[in-house]
$ cat final_26.cif   # mmCIF, C-alpha atoms
data_final
#
loop_
_atom_site.label_atom_id
_atom_site.label_comp_id
_atom_site.auth_asym_id
_atom_site.auth_seq_id
_atom_site.Cartn_x
_atom_site.Cartn_y
_atom_site.Cartn_z
CA MET A 1 -79.45 17.85 -57.44
CA ASN A 2 -82.45 19.49 -59.05
CA GLU A 3 -82.76 17.70 -62.37
CA LYS A 4 -85.88 19.33 -63.80
CA ARG A 5 -85.52 20.50 -67.38
CA VAL A 6 -86.57 23.91 -68.57
CA GLN A 7 -87.47 25.80 -71.71
CA THR A 8 -86.55 29.37 -72.57
CA SER A 9 -88.23 32.02 -74.65
CA GLY A 10 -85.95 31.60 -77.63
CA VAL A 11 -84.82 35.24 -77.54
CA GLU A 12 -81.05 34.96 -77.52
CA GLY A 13 -79.14 38.02 -76.47
CA SER A 14 -80.86 40.85 -78.33
CA ALA A 15 -80.77 43.21 -75.34
CA ALA A 16 -77.17 42.33 -74.61
CA ARG A 17 -76.21 43.04 -78.18
CA ALA A 18 -78.19 46.27 -78.14
CA ALA A 19 -76.16 47.40 -75.14
CA ALA A 20 -73.09 47.15 -77.37
CA GLU A 21 -74.72 48.86 -80.35
CA ASN A 22 -72.15 51.67 -80.33
CA ARG A 23 -69.28 49.21 -80.32
CA GLU A 24 -68.25 46.62 -82.88
CA ILE A 25 -69.04 43.11 -81.65
CA SER A 26 -65.61 41.99 -82.89
CA SER A 27 -63.96 44.39 -80.43
CA PHE A 28 -65.04 42.27 -77.45
CA ARG A 29 -62.51 39.76 -76.10
CA ASP A 30 -59.75 41.47 -78.06
CA TYR A 31 -56.68 40.16 -76.25
CA ARG A 32 -54.11 41.19 -78.83
CA GLU A 33 -54.64 44.87 -79.63
CA ASP A 34 -55.66 47.26 -76.88
CA ALA A 35 -55.97 45.00 -73.86
CA ARG A 36 -54.59 46.32 -70.59
CA PRO A 37 -51.06 45.00 -69.86
CA SER A 38 -52.43 43.38 -66.71
CA VAL A 39 -54.58 41.07 -68.86
CA LYS A 40 -51.69 39.26 -70.51
CA GLU A 41 -49.74 39.16 -67.26
CA LEU A 42 -52.69 37.47 -65.56
CA TYR A 43 -52.84 34.85 -68.29
CA ARG A 44 -49.09 34.27 -68.03
CA LEU A 45 -49.46 33.46 -64.34
CA ASN A 46 -52.60 31.43 -64.99
CA HIS A 47 -51.11 29.30 -67.74
CA GLU A 48 -47.93 28.65 -65.76
CA GLY A 49 -49.66 27.89 -62.47
CA GLN A 50 -52.77 25.88 -63.40
CA THR A 51 -51.35 22.37 -63.12
CA LEU A 52 -53.29 19.22 -62.30
CA ALA A 53 -51.70 19.15 -58.84
CA PHE A 54 -52.65 22.78 -58.20
CA VAL A 55 -56.25 22.17 -59.24
CA GLN A 56 -56.57 19.12 -57.02
CA GLU A 57 -55.16 21.10 -54.09
CA LYS A 58 -57.76 23.85 -54.59
CA GLU A 59 -60.57 21.31 -54.89
CA ARG A 60 -59.55 19.89 -51.52
CA GLN A 61 -59.25 23.36 -50.02
CA TYR A 62 -62.59 24.78 -51.12
CA LEU A 63 -65.07 22.14 -52.23
CA GLY A 64 -65.85 21.04 -48.69
CA LEU A 65 -67.79 24.34 -48.60
CA ASP A 66 -66.88 24.88 -44.96
CA ARG A 67 -65.47 28.37 -45.16
CA ARG A 68 -68.56 30.47 -44.49
CA ARG A 69 -72.36 30.55 -44.53
CA MET A 70 -74.02 33.51 -46.20
CA GLY A 71 -76.77 34.46 -48.62
CA MET A 72 -76.25 35.09 -52.31
CA TRP A 73 -76.92 38.83 -52.18
CA GLU A 74 -74.29 39.18 -49.46
CA ALA A 75 -71.83 37.41 -51.74
CA LEU A 76 -72.73 39.70 -54.63
CA GLU A 77 -72.09 42.75 -52.46
CA LEU A 78 -68.57 41.45 -51.82
CA LEU A 79 -68.02 41.63 -55.58
CA ASP A 80 -68.18 45.42 -55.40
CA ARG A 81 -64.54 45.10 -54.30
CA VAL A 82 -63.49 43.00 -57.32
CA VAL A 83 -62.48 44.20 -60.79
CA ASP A 84 -61.58 41.31 -63.11
CA ASP A 85 -58.01 41.77 -64.37
CA SER A 86 -58.53 39.12 -67.07
CA ASP A 87 -61.34 41.03 -68.79
CA PRO A 88 -60.31 43.46 -71.54
CA ASP A 89 -63.90 44.73 -71.92
CA THR A 90 -64.72 46.34 -68.58
CA GLU A 91 -63.11 47.99 -65.59
CA LEU A 92 -66.32 48.11 -63.54
CA SER A 93 -66.75 46.09 -60.37
CA GLN A 94 -68.16 42.60 -60.62
CA ILE A 95 -71.49 43.49 -58.99
CA ALA A 96 -71.93 46.01 -61.82
CA HIS A 97 -71.21 43.28 -64.38
CA ALA A 98 -73.61 40.91 -62.61
CA LEU A 99 -76.46 43.42 -62.75
CA GLN A 100 -75.74 44.41 -66.36
CA SER A 101 -75.90 40.74 -67.39
CA ALA A 102 -79.08 40.09 -65.46
CA GLU A 103 -80.82 43.24 -66.69
CA ALA A 104 -80.06 42.31 -70.30
CA ALA A 105 -81.61 38.86 -69.80
CA ARG A 106 -84.56 40.40 -68.00
CA ARG A 107 -85.22 42.88 -70.83
CA ASP A 108 -85.26 39.99 -73.29
CA GLY A 109 -87.98 38.26 -71.31
CA GLN A 110 -85.82 35.29 -70.36
CA PRO A 111 -87.25 32.99 -67.65
CA ARG A 112 -86.61 33.98 -64.07
CA TRP A 113 -84.15 31.11 -63.50
CA PHE A 114 -82.16 32.38 -66.49
CA VAL A 115 -82.12 35.95 -65.16
CA LEU A 116 -80.96 34.66 -61.79
CA THR A 117 -78.17 32.69 -63.46
CA ALA A 118 -77.02 35.83 -65.28
CA LEU A 119 -76.99 37.65 -61.95
CA ILE A 120 -74.96 35.10 -59.99
CA HIS A 121 -72.75 33.50 -62.65
CA ASP A 122 -69.58 35.23 -61.40
CA ALA A 123 -70.34 35.12 -57.67
CA GLY A 124 -67.52 32.62 -57.21
CA LYS A 125 -65.10 35.49 -57.71
CA ILE A 126 -65.50 36.17 -53.99
CA LEU A 127 -62.47 33.85 -53.83
CA CYS A 128 -60.49 37.00 -54.65
CA THR A 129 -61.68 38.59 -51.40
CA TRP A 130 -60.37 35.60 -49.45
CA GLY A 131 -56.77 36.00 -50.52
CA GLU A 132 -56.73 34.01 -53.76
CA PRO A 133 -54.72 35.66 -56.56
CA GLN A 134 -56.80 36.56 -59.58
CA TRP A 135 -54.90 34.18 -61.84
CA SER A 136 -56.42 31.29 -59.86
CA VAL A 137 -59.96 32.69 -59.91
CA VAL A 138 -60.73 34.46 -63.20
CA GLY A 139 -59.99 34.04 -66.90
CA ASP A 140 -60.88 31.37 -69.43
CA THR A 141 -61.01 27.81 -68.12
CA PHE A 142 -59.66 24.61 -69.68
CA PRO A 143 -59.09 20.96 -68.76
CA VAL A 144 -55.89 20.01 -66.97
CA GLY A 145 -54.28 16.58 -67.10
CA CYS A 146 -54.46 16.45 -70.90
CA ALA A 147 -53.03 18.32 -73.87
CA THR A 148 -53.92 22.01 -74.04
CA SER A 149 -55.73 23.33 -77.09
CA ASP A 150 -54.17 26.02 -79.24
CA ARG A 151 -57.61 27.67 -79.19
CA ILE A 152 -57.14 28.79 -75.58
CA VAL A 153 -56.38 32.50 -75.13
CA PHE A 154 -52.58 33.07 -75.09
CA ALA A 155 -51.96 29.35 -75.57
CA GLU A 156 -48.26 30.00 -76.16
CA LEU A 157 -47.91 30.92 -72.48
CA PHE A 158 -48.38 27.28 -71.45
CA ALA A 159 -44.74 26.66 -72.43
CA CYS A 160 -43.61 27.22 -68.83
CA ASN A 161 -46.34 25.10 -67.20
CA PRO A 162 -44.67 22.14 -65.39
CA ASP A 163 -47.32 19.73 -66.71
CA MET A 164 -45.94 20.25 -70.21
CA ALA A 165 -43.00 18.05 -69.20
CA ASN A 166 -45.24 15.10 -68.24
CA PRO A 167 -45.89 12.89 -71.30
CA GLU A 168 -49.00 11.40 -69.65
CA TYR A 169 -50.66 14.81 -69.83
CA GLN A 170 -49.72 15.56 -73.43
CA THR A 171 -52.17 13.38 -75.34
CA PRO A 172 -55.65 14.61 -76.34
CA CYS A 173 -57.32 12.59 -73.59
CA GLY A 174 -54.45 12.57 -71.11
CA ILE A 175 -55.52 10.91 -67.86
CA TYR A 176 -59.17 10.67 -69.02
CA GLU A 177 -61.13 8.44 -71.38
CA GLU A 178 -62.65 9.68 -74.60
CA GLY A 179 -66.25 10.74 -74.01
CA ALA A 180 -65.81 10.58 -70.24
CA GLY A 181 -68.01 13.65 -69.72
CA LEU A 182 -66.96 17.05 -68.44
CA SER A 183 -68.15 16.30 -64.89
CA ARG A 184 -65.28 13.81 -64.67
CA ILE A 185 -62.68 16.24 -65.95
CA HIS A 186 -60.53 18.44 -63.74
CA MET A 187 -60.97 21.97 -65.10
CA SER A 188 -58.51 24.74 -64.33
CA TRP A 189 -59.43 26.10 -60.92
CA GLY A 190 -61.58 29.20 -60.79
CA HIS A 191 -64.84 30.86 -59.88
CA ASP A 192 -66.95 28.76 -62.27
CA GLU A 193 -66.29 25.39 -60.65
CA TYR A 194 -66.47 26.83 -57.16
CA LEU A 195 -69.89 28.46 -57.64
CA TYR A 196 -71.25 25.35 -59.34
CA HIS A 197 -70.65 23.38 -56.15
CA VAL A 198 -72.21 26.12 -53.99
CA VAL A 199 -75.53 26.11 -55.93
CA LYS A 200 -75.68 22.65 -57.55
CA ASP A 201 -78.53 21.43 -55.33
CA HIS A 202 -80.81 24.36 -56.11
CA LEU A 203 -80.88 25.13 -59.85
CA PRO A 204 -81.81 23.31 -63.10
CA LEU A 205 -79.16 21.46 -65.10
CA GLU A 206 -79.18 24.15 -67.77
CA ALA A 207 -78.40 26.88 -65.24
CA LEU A 208 -75.65 24.76 -63.69
CA ALA A 209 -73.99 24.22 -67.07
CA MET A 210 -74.11 27.96 -67.75
CA ILE A 211 -72.41 28.62 -64.43
CA ARG A 212 -69.85 25.82 -64.64
CA TYR A 213 -68.71 26.32 -68.23
CA HIS A 214 -69.33 29.96 -69.14
CA SER A 215 -65.57 30.64 -69.08
CA PHE A 216 -64.77 27.50 -71.11
CA TYR A 217 -64.49 29.52 -74.33
CA ALA A 218 -62.22 27.00 -76.02
CA ALA A 219 -65.20 24.62 -76.03
CA HIS A 220 -68.36 26.69 -76.38
CA ARG A 221 -66.90 29.26 -78.77
CA GLU A 222 -63.98 27.55 -80.48
CA GLY A 223 -65.26 23.96 -80.61
CA ALA A 224 -62.31 22.35 -78.82
CA TYR A 225 -62.40 19.41 -76.38
CA GLY A 226 -65.43 17.74 -77.94
CA HIS A 227 -63.65 14.40 -77.57
CA LEU A 228 -64.01 14.65 -73.77
CA MET A 229 -67.74 15.40 -73.82
CA ASN A 230 -70.70 13.07 -73.58
CA GLU A 231 -74.13 13.65 -75.10
CA GLN A 232 -75.44 15.56 -72.11
CA ASP A 233 -72.44 17.89 -72.26
CA ARG A 234 -73.16 18.62 -75.91
CA ARG A 235 -76.79 19.44 -75.14
CA MET A 236 -75.86 21.63 -72.20
CA MET A 237 -73.19 23.47 -74.20
CA GLU A 238 -76.01 24.88 -76.33
CA TRP A 239 -77.34 26.57 -73.20
CA VAL A 240 -73.89 27.94 -72.41
CA ARG A 241 -73.87 29.48 -75.90
CA ARG A 242 -77.33 30.98 -75.33
CA PHE A 243 -76.07 32.54 -72.13
CA ASN A 244 -72.81 33.89 -73.55
CA PRO A 245 -74.21 37.11 -75.12
CA TYR A 246 -75.56 38.18 -71.73
CA ASP A 247 -72.15 37.66 -70.16
CA LEU A 248 -70.11 39.20 -72.96
CA TYR A 249 -72.11 41.86 -74.77
CA SER A 250 -73.96 43.38 -71.80
CA LYS A 251 -70.82 45.17 -70.62
CA ALA A 252 -71.17 48.94 -70.75
CA ASP A 253 -69.33 51.88 -69.21
CA ASP A 254 -72.25 53.20 -67.15
CA PRO A 255 -72.66 51.32 -63.84
CA PRO A 256 -76.17 50.16 -62.89
CA ASP A 257 -78.07 51.62 -59.95
CA VAL A 258 -77.51 48.90 -57.38
CA GLU A 259 -79.87 50.27 -54.74
CA ARG A 260 -82.73 50.65 -57.21
CA LEU A 261 -82.34 47.09 -58.50
CA LYS A 262 -81.63 45.46 -55.14
CA PRO A 263 -85.26 44.73 -54.06
CA PHE A 264 -86.12 42.95 -57.31
CA TYR A 265 -83.02 40.79 -57.27
CA LYS A 266 -83.23 39.93 -53.59
CA ASP A 267 -86.76 38.64 -54.25
CA LEU A 268 -85.51 36.68 -57.28
CA ILE A 269 -82.73 35.09 -55.24
CA ALA A 270 -85.21 34.10 -52.52
CA GLU A 271 -87.37 32.34 -55.11
CA PHE A 272 -84.64 29.84 -55.97
CA LEU A 273 -81.98 29.81 -53.26
CA PRO A 274 -82.03 29.34 -49.48
CA ASP A 275 -81.38 32.25 -47.12
CA GLU A 276 -77.92 30.87 -46.44
CA LEU A 277 -75.56 28.89 -48.64
CA ARG A 278 -72.42 27.00 -47.70
CA TRP A 279 -69.31 28.59 -49.20
#
$ encode --input "final_26.cif" --output "structure tokens"
Amino acid sequence: MNEKRVQTSGVEGSAARAAAENREISSFRDYREDARPSVKELYRLNHEGQTLAFVQEKERQYLGLDRRRMGMWEALELLDRVVDDSDPDTELSQIAHALQSAEAARRDGQPRWFVLTALIHDAGKILCTWGEPQWSVVGDTFPVGCATSDRIVFAELFACNPDMANPEYQTPCGIYEEGAGLSRIHMSWGHDEYLYHVVKDHLPLEALAMIRYHSFYAAHREGAYGHLMNEQDRRMMEWVRRFNPYDLYSKADDPPDVERLKPFYKDLIAEFLPDELRW
């Protein structure tokens, strides 16, 4: 793994926030008021189905990375077919979201590795194009094999999850040790963990944390699960927070011009990633 450390410009999300200037910041991630009915239904299926056994099955199925070889831009183009049913803030395709995020980071003068991370952070959602239901690909992530936090979106929907009946999984640490580190924790299966394994040999630690934990809102936004983290996790979570405005507040109704932006981003991808990746 590439373990070089990086520094950023210190500008944290001003362009992303500016993109939302005509909308109250508090209206983002509003799961209770005006969210599409499909959002809560997705979380019902997610919270019932994301068991430790399910996660381990998906890790075995996908983390061998033997499904396909293709470049990152090809993967991003597949996202034009995906609209995230868990997201109450946009109904645009995921390639549109990727470019909006990256353009916001680019306008803020973030380093090129940071802009690339904004571009590719959701590329793991290509799992949806391979027959995976959205409830096992998108949405907020959380540890399995231990007690669920009430700070997770729609936490009440865990009531029907089979793991709730296993006392071993209902303590704060569950099957893990305190301070074990997030890399030793089984997270709910989804696009974050999948993409992390696809690119882990090519990007800095900070970028990898942003990819792997950007959907872990219970931790980086709500402060939960600190007892499972080690010191490196706590340092890296600061980078996840720096990235979050570009993921969340860059969403706008007008889709970006993909063809106009394509040459710049293909060059950016080539700077950091090989022509083909194992998926």
$ closest_residue --input "final_26.cif" --among "A:Trp113, A:Tyr62, A:Phe54, A:Trp130" --to "Gly145 in chain A" --atoms "all atoms listed in the file"
A:Phe54
$ closest_residue --input "final_26.cif" --among "A:Val198, A:Ala180, A:Ser188, A:Phe243" --to "Arg68 in chain A" --atoms "all atoms listed in the file"
A:Val198
$ residues_around --input "final_26.cif" --residues "Val55 in chain A" --least-positions-apart "2" --cutoff "12 Å" --atoms "only C-alpha atoms" --output "list in words"
Asn46, Gly49, Gln50, Thr51, Leu52, Ala53, Glu57, Lys58, Glu59, Arg60, Gln61, Tyr62, Leu63, Ser136, Val137, Thr141, Phe142, Pro143, Val144, Gly145, Asp163, Ile185, His186, Met187, Ser188, Trp189, Gly190, Glu193 and Tyr194 of chain A
$ resolve_selection --input "final_26.cif" --expression "the PyMOL selection byres ((chain A and resi 146) around 9)" --output "PyMOL selection string"
chain A and resi 143-145+147-148+163+168-176
$ write_last_selection --input "final_26.cif" --atoms "C-alpha atoms" --output "PDB file, keeping the file's coordinate frame"
ATOM      1  CA  PRO A 143     -59.090  20.960 -68.760  1.00  0.00           C
ATOM      2  CA  VAL A 144     -55.890  20.010 -66.970  1.00  0.00           C
ATOM      3  CA  GLY A 145     -54.280  16.580 -67.100  1.00  0.00           C
ATOM      4  CA  ALA A 147     -53.030  18.320 -73.870  1.00  0.00           C
ATOM      5  CA  THR A 148     -53.920  22.010 -74.040  1.00  0.00           C
ATOM      6  CA  ASP A 163     -47.320  19.730 -66.710  1.00  0.00           C
ATOM      7  CA  GLU A 168     -49.000  11.400 -69.650  1.00  0.00           C
ATOM      8  CA  TYR A 169     -50.660  14.810 -69.830  1.00  0.00           C
ATOM      9  CA  GLN A 170     -49.720  15.560 -73.430  1.00  0.00           C
ATOM     10  CA  THR A 171     -52.170  13.380 -75.340  1.00  0.00           C
ATOM     11  CA  PRO A 172     -55.650  14.610 -76.340  1.00  0.00           C
ATOM     12  CA  CYS A 173     -57.320  12.590 -73.590  1.00  0.00           C
ATOM     13  CA  GLY A 174     -54.450  12.570 -71.110  1.00  0.00           C
ATOM     14  CA  ILE A 175     -55.520  10.910 -67.860  1.00  0.00           C
ATOM     15  CA  TYR A 176     -59.170  10.670 -69.020  1.00  0.00           C
TER      16      TYR A 176
END
$ resolve_selection --input "final_26.cif" --expression "the PyMOL selection byres ((chain A and resi 225-228) around 8)" --output "compact mmCIF listing (two decimals) with C-alpha atoms, in the coordinates of the input"
# COMPACT_ATOMS: atom_id res chain seq x y z
CA SER A 149 -55.73 23.33 -77.09
CA CYS A 173 -57.32 12.59 -73.59
CA TYR A 176 -59.17 10.67 -69.02
CA GLU A 177 -61.13 8.44 -71.38
CA GLU A 178 -62.65 9.68 -74.60
CA GLY A 179 -66.25 10.74 -74.01
CA ALA A 180 -65.81 10.58 -70.24
CA GLY A 181 -68.01 13.65 -69.72
CA LEU A 182 -66.96 17.05 -68.44
CA ALA A 218 -62.22 27.00 -76.02
CA ALA A 219 -65.20 24.62 -76.03
CA GLY A 223 -65.26 23.96 -80.61
CA ALA A 224 -62.31 22.35 -78.82
CA MET A 229 -67.74 15.40 -73.82
CA ASN A 230 -70.70 13.07 -73.58
$ closest_residue --input "final_26.cif" --among "A:Pro111, A:Trp135, A:Ile126, A:Met237" --to "Glu77 in chain A" --atoms "only C-alpha atoms"
A:Ile126
$ closest_atom_pairs --input "final_26.cif" --of "range 186-219 of chain A" --to "range 271-275 of chain A" --cutoff "12 Å" --atoms "all atoms listed in the file" --output "tab-separated table"
residue	atom	partner	partner_atom	distance
A:Val198	CA	A:Leu273	CA	10.5
A:Val199	CA	A:Leu273	CA	7.9
A:Lys200	CA	A:Leu273	CA	10.5
A:Asp201	CA	A:Leu273	CA	9.3
A:His202	CA	A:Leu273	CA	6.3
A:Leu203	CA	A:Phe272	CA	7.2
A:Pro204	CA	A:Phe272	CA	10.1
A:Ala207	CA	A:Phe272	CA	11.6
$ closest_residue --input "final_26.cif" --among "A:Leu99, A:Leu248, A:Leu261, A:Leu127" --to "Arg67 in chain A" --atoms "all atoms listed in the file"
A:Leu127
$ residues_around --input "final_26.cif" --residues "Leu157 in chain A" --least-positions-apart "5" --cutoff "8 Å" --atoms "all atoms listed in the file" --output "list in words"
Tyr43, Arg44, His47 and Glu48 of chain A
$ resolve_selection --input "final_26.cif" --expression "the PyMOL selection byres ((chain A and resi 236) around 10)" --output "mmCIF file with C-alpha atoms, keeping the file's coordinate frame"
data_model
loop_
_atom_site.group_PDB
_atom_site.id
_atom_site.type_symbol
_atom_site.label_atom_id
_atom_site.label_comp_id
_atom_site.auth_asym_id
_atom_site.auth_seq_id
_atom_site.Cartn_x
_atom_site.Cartn_y
_atom_site.Cartn_z
ATOM 1 C CA LEU A 205 -79.160 21.460 -65.100
ATOM 2 C CA GLU A 206 -79.180 24.150 -67.770
ATOM 3 C CA ALA A 207 -78.400 26.880 -65.240
ATOM 4 C CA LEU A 208 -75.650 24.760 -63.690
ATOM 5 C CA ALA A 209 -73.990 24.220 -67.070
ATOM 6 C CA MET A 210 -74.110 27.960 -67.750
ATOM 7 C CA TYR A 213 -68.710 26.320 -68.230
ATOM 8 C CA HIS A 220 -68.360 26.690 -76.380
ATOM 9 C CA GLU A 231 -74.130 13.650 -75.100
ATOM 10 C CA GLN A 232 -75.440 15.560 -72.110
ATOM 11 C CA ASP A 233 -72.440 17.890 -72.260
ATOM 12 C CA ARG A 234 -73.160 18.620 -75.910
ATOM 13 C CA ARG A 235 -76.790 19.440 -75.140
ATOM 14 C CA MET A 237 -73.190 23.470 -74.200
ATOM 15 C CA GLU A 238 -76.010 24.880 -76.330
ATOM 16 C CA TRP A 239 -77.340 26.570 -73.200
ATOM 17 C CA VAL A 240 -73.890 27.940 -72.410
ATOM 18 C CA ARG A 241 -73.870 29.480 -75.900
ATOM 19 C CA ARG A 242 -77.330 30.980 -75.330
#
$ atom_distance --input "final_26.cif" --atom1 "CA of Glu259 in chain A" --atom2 "CA of Lys125 in chain A"
21.1 Å
$ atom_distance --input "final_26.cif" --atom1 "CA of Leu45 in chain A" --atom2 "CA of Gly124 in chain A"
19.4 Å
$ atom_distance --input "final_26.cif" --atom1 "CA of Ala165 in chain A" --atom2 "CA of Phe216 in chain A"
23.8 Å
$ closest_residue --input "final_26.cif" --among "A:Ala270, A:Leu195, A:Leu42, A:Cys128" --to "Arg112 in chain A" --atoms "only C-alpha atoms"
A:Ala270
$ residues_around --input "final_26.cif" --residues "range 100-103 of chain A" --least-positions-apart "6" --cutoff "6 Å" --atoms "all atoms listed in the file" --output "list in words"
Val115, Ala118, Leu119, Tyr246, Asp247 and Ser250 of chain A
$ decode --input "final_26.cif" --residues "range 109-117 of chain A" --atoms "all heavy atoms" --output "compact mmCIF listing (two decimals), in the first residue's frame"
# COMPACT_ATOMS: atom_id res chain seq x y z
N GLY A 109 -9.20 24.53 -5.08
CA GLY A 109 -7.75 24.40 -5.13
C GLY A 109 -7.22 23.25 -4.31
O GLY A 109 -6.04 23.26 -3.91
N GLN A 110 -8.03 22.24 -4.07
CA GLN A 110 -7.55 21.07 -3.35
C GLN A 110 -6.50 20.33 -4.19
O GLN A 110 -6.50 20.41 -5.42
CB GLN A 110 -8.71 20.14 -3.01
CG GLN A 110 -9.73 20.72 -2.05
CD GLN A 110 -9.19 20.90 -0.63
OE1 GLN A 110 -8.03 20.59 -0.36
NE2 GLN A 110 -10.01 21.41 0.26
N PRO A 111 -5.60 19.60 -3.55
CA PRO A 111 -4.57 18.85 -4.29
C PRO A 111 -5.19 17.86 -5.27
O PRO A 111 -6.33 17.42 -5.09
CB PRO A 111 -3.80 18.12 -3.19
CG PRO A 111 -4.09 18.87 -1.94
CD PRO A 111 -5.47 19.43 -2.09
N ARG A 112 -4.43 17.51 -6.26
CA ARG A 112 -4.97 16.66 -7.32
C ARG A 112 -5.41 15.30 -6.79
O ARG A 112 -6.41 14.75 -7.25
CB ARG A 112 -3.94 16.52 -8.45
CG ARG A 112 -3.79 17.81 -9.24
CD ARG A 112 -2.66 17.75 -10.25
NE ARG A 112 -2.91 16.82 -11.34
CZ ARG A 112 -3.63 17.10 -12.43
NH1 ARG A 112 -4.21 18.29 -12.55
NH2 ARG A 112 -3.78 16.21 -13.39
N TRP A 113 -4.71 14.75 -5.79
CA TRP A 113 -5.14 13.46 -5.24
C TRP A 113 -6.50 13.60 -4.55
O TRP A 113 -7.32 12.67 -4.57
CB TRP A 113 -4.10 12.91 -4.24
CG TRP A 113 -3.98 13.70 -2.97
CD1 TRP A 113 -3.09 14.70 -2.71
CD2 TRP A 113 -4.80 13.57 -1.79
NE1 TRP A 113 -3.30 15.20 -1.44
CE2 TRP A 113 -4.34 14.53 -0.86
CE3 TRP A 113 -5.86 12.75 -1.43
CZ2 TRP A 113 -4.91 14.68 0.40
CZ3 TRP A 113 -6.43 12.89 -0.18
CH2 TRP A 113 -5.96 13.85 0.73
N PHE A 114 -6.76 14.76 -3.96
CA PHE A 114 -8.02 15.02 -3.29
C PHE A 114 -9.15 15.13 -4.32
O PHE A 114 -10.25 14.58 -4.12
CB PHE A 114 -7.89 16.31 -2.47
CG PHE A 114 -8.98 16.57 -1.46
CD1 PHE A 114 -8.69 16.60 -0.11
CD2 PHE A 114 -10.28 16.82 -1.86
CE1 PHE A 114 -9.67 16.85 0.83
CE2 PHE A 114 -11.28 17.09 -0.93
CZ PHE A 114 -10.97 17.10 0.41
N VAL A 115 -8.89 15.84 -5.41
CA VAL A 115 -9.88 15.98 -6.48
C VAL A 115 -10.21 14.60 -7.06
O VAL A 115 -11.38 14.27 -7.30
CB VAL A 115 -9.37 16.94 -7.57
CG1 VAL A 115 -10.36 17.03 -8.73
CG2 VAL A 115 -9.12 18.33 -6.99
N LEU A 116 -9.18 13.79 -7.28
CA LEU A 116 -9.41 12.44 -7.78
C LEU A 116 -10.28 11.64 -6.82
O LEU A 116 -11.21 10.93 -7.24
CB LEU A 116 -8.08 11.72 -7.98
CG LEU A 116 -8.21 10.25 -8.39
CD1 LEU A 116 -8.71 10.13 -9.82
CD2 LEU A 116 -6.90 9.50 -8.21
N THR A 117 -10.00 11.75 -5.53
CA THR A 117 -10.78 11.02 -4.54
C THR A 117 -12.25 11.45 -4.58
O THR A 117 -13.16 10.61 -4.51
CB THR A 117 -10.20 11.24 -3.13
OG1 THR A 117 -8.83 10.86 -3.13
CG2 THR A 117 -10.95 10.42 -2.10
